[in-house]
Amino acid sequence: MVNAEDVFNPKDFKSIELEISMKNLTTQTEVRPGPINTLVEIGDKMLTFEFPAKCCNIKHSVFVEIRKRLPDETKSSELCSLTGKVLEAENLTDSEMRVVVNVVQVDELSWNALLNIFDSRQAQISEFLNAVRG
């Protein structure tokens, strides 16, 4: 009988942990890091997030800070901060909304660092799936 611990490492399935905060520059309100704040999709100078409901609206200007949680620590390090314009804002539930932000200003090095983290994670997932398929 095969022991699952011999085949699978639980750390292989651990997602990248991010802390995401957002300041709505139009209304001067803040969304502090929390479990609802997630990065859903990365596009060409566009990011899709899930945030608490009613935190922003279409055409609002926002400042977003993305921090990467360091492995096995309570600290995080800044990964990328940017300013952007809200292109889409859709309520998912009474407490959550999906927000698409067009990136207006970002440091290119930090933007590339963000992209590289997700590219390398995707490569790890593909490598794992290829190994499982044989």
# chains A, B, ... in the order shown; residues from 1 in each chain; ligands from 1
$ residues_around --residues "Glu30 in chain A" --least-positions-apart "3" --cutoff "8 Å" --atoms "only C-alpha atoms" --output "PDB file with C-alpha atoms, in the first residue's frame"
ATOM      1  CA  SER A  21      -4.779  46.377   0.701  1.00  0.00           C
ATOM      2  CA  MET A  22      -6.506  49.065  -1.313  1.00  0.00           C
ATOM      3  CA  LYS A  23      -7.098  52.767  -0.835  1.00  0.00           C
ATOM      4  CA  ASN A  24      -9.873  54.297  -2.857  1.00  0.00           C
ATOM      5  CA  CYS A  55     -15.443  49.597  -1.510  1.00  0.00           C
TER       6      CYS A  55
END
$ residues_around --residues "range 98-106 of chain A" --least-positions-apart "3" --cutoff "7 Å" --atoms "only C-alpha atoms" --output "list in words"
Lys45, Met46, Leu47, Thr48, Phe49, Glu50, Phe51, Ser81, Leu82, Thr83, Gly84, Lys85, Val86, Leu87, Glu88, Ala89, Glu90, Asn91, Leu92 and Trp111 of chain A
$ write_last_selection --atoms "C-alpha atoms" --output "compact mmCIF listing (two decimals), in the first residue's frame"
# COMPACT_ATOMS: atom_id res chain seq x y z
CA LYS A 45 -1.59 45.78 -17.07
CA MET A 46 -4.91 44.73 -15.57
CA LEU A 47 -5.64 42.96 -12.31
CA THR A 48 -8.85 41.39 -11.08
CA PHE A 49 -9.47 41.36 -7.34
CA GLU A 50 -12.15 40.32 -4.92
CA PHE A 51 -12.72 42.95 -2.23
CA SER A 81 2.22 48.76 -5.31
CA LEU A 82 0.31 50.51 -8.04
CA THR A 83 -2.25 53.12 -8.88
CA GLY A 84 -5.09 52.31 -11.20
CA LYS A 85 -8.57 53.01 -12.48
CA VAL A 86 -11.50 50.73 -11.76
CA LEU A 87 -12.83 49.40 -15.07
CA GLU A 88 -15.40 46.98 -13.68
CA ALA A 89 -17.04 46.58 -10.28
CA GLU A 90 -19.50 43.72 -9.84
CA ASN A 91 -21.17 42.59 -6.64
CA LEU A 92 -20.75 38.86 -6.10
CA TRP A 111 5.35 44.50 -11.72
$ residues_around --residues "Leu109 in chain A" --least-positions-apart "3" --cutoff "12 Å" --atoms "only C-alpha atoms" --output "list in words"
Leu79, Cys80, Ser81, Leu82, Val106, Asn112, Ala113, Leu114, Leu115 and Asn116 of chain A
$ atom_distance --atom1 "CA of Thr29 in chain A" --atom2 "CA of Glu41 in chain A"
23.4 Å
$ atom_distance --atom1 "CA of Val62 in chain A" --atom2 "CA of Thr26 in chain A"
7.3 Å
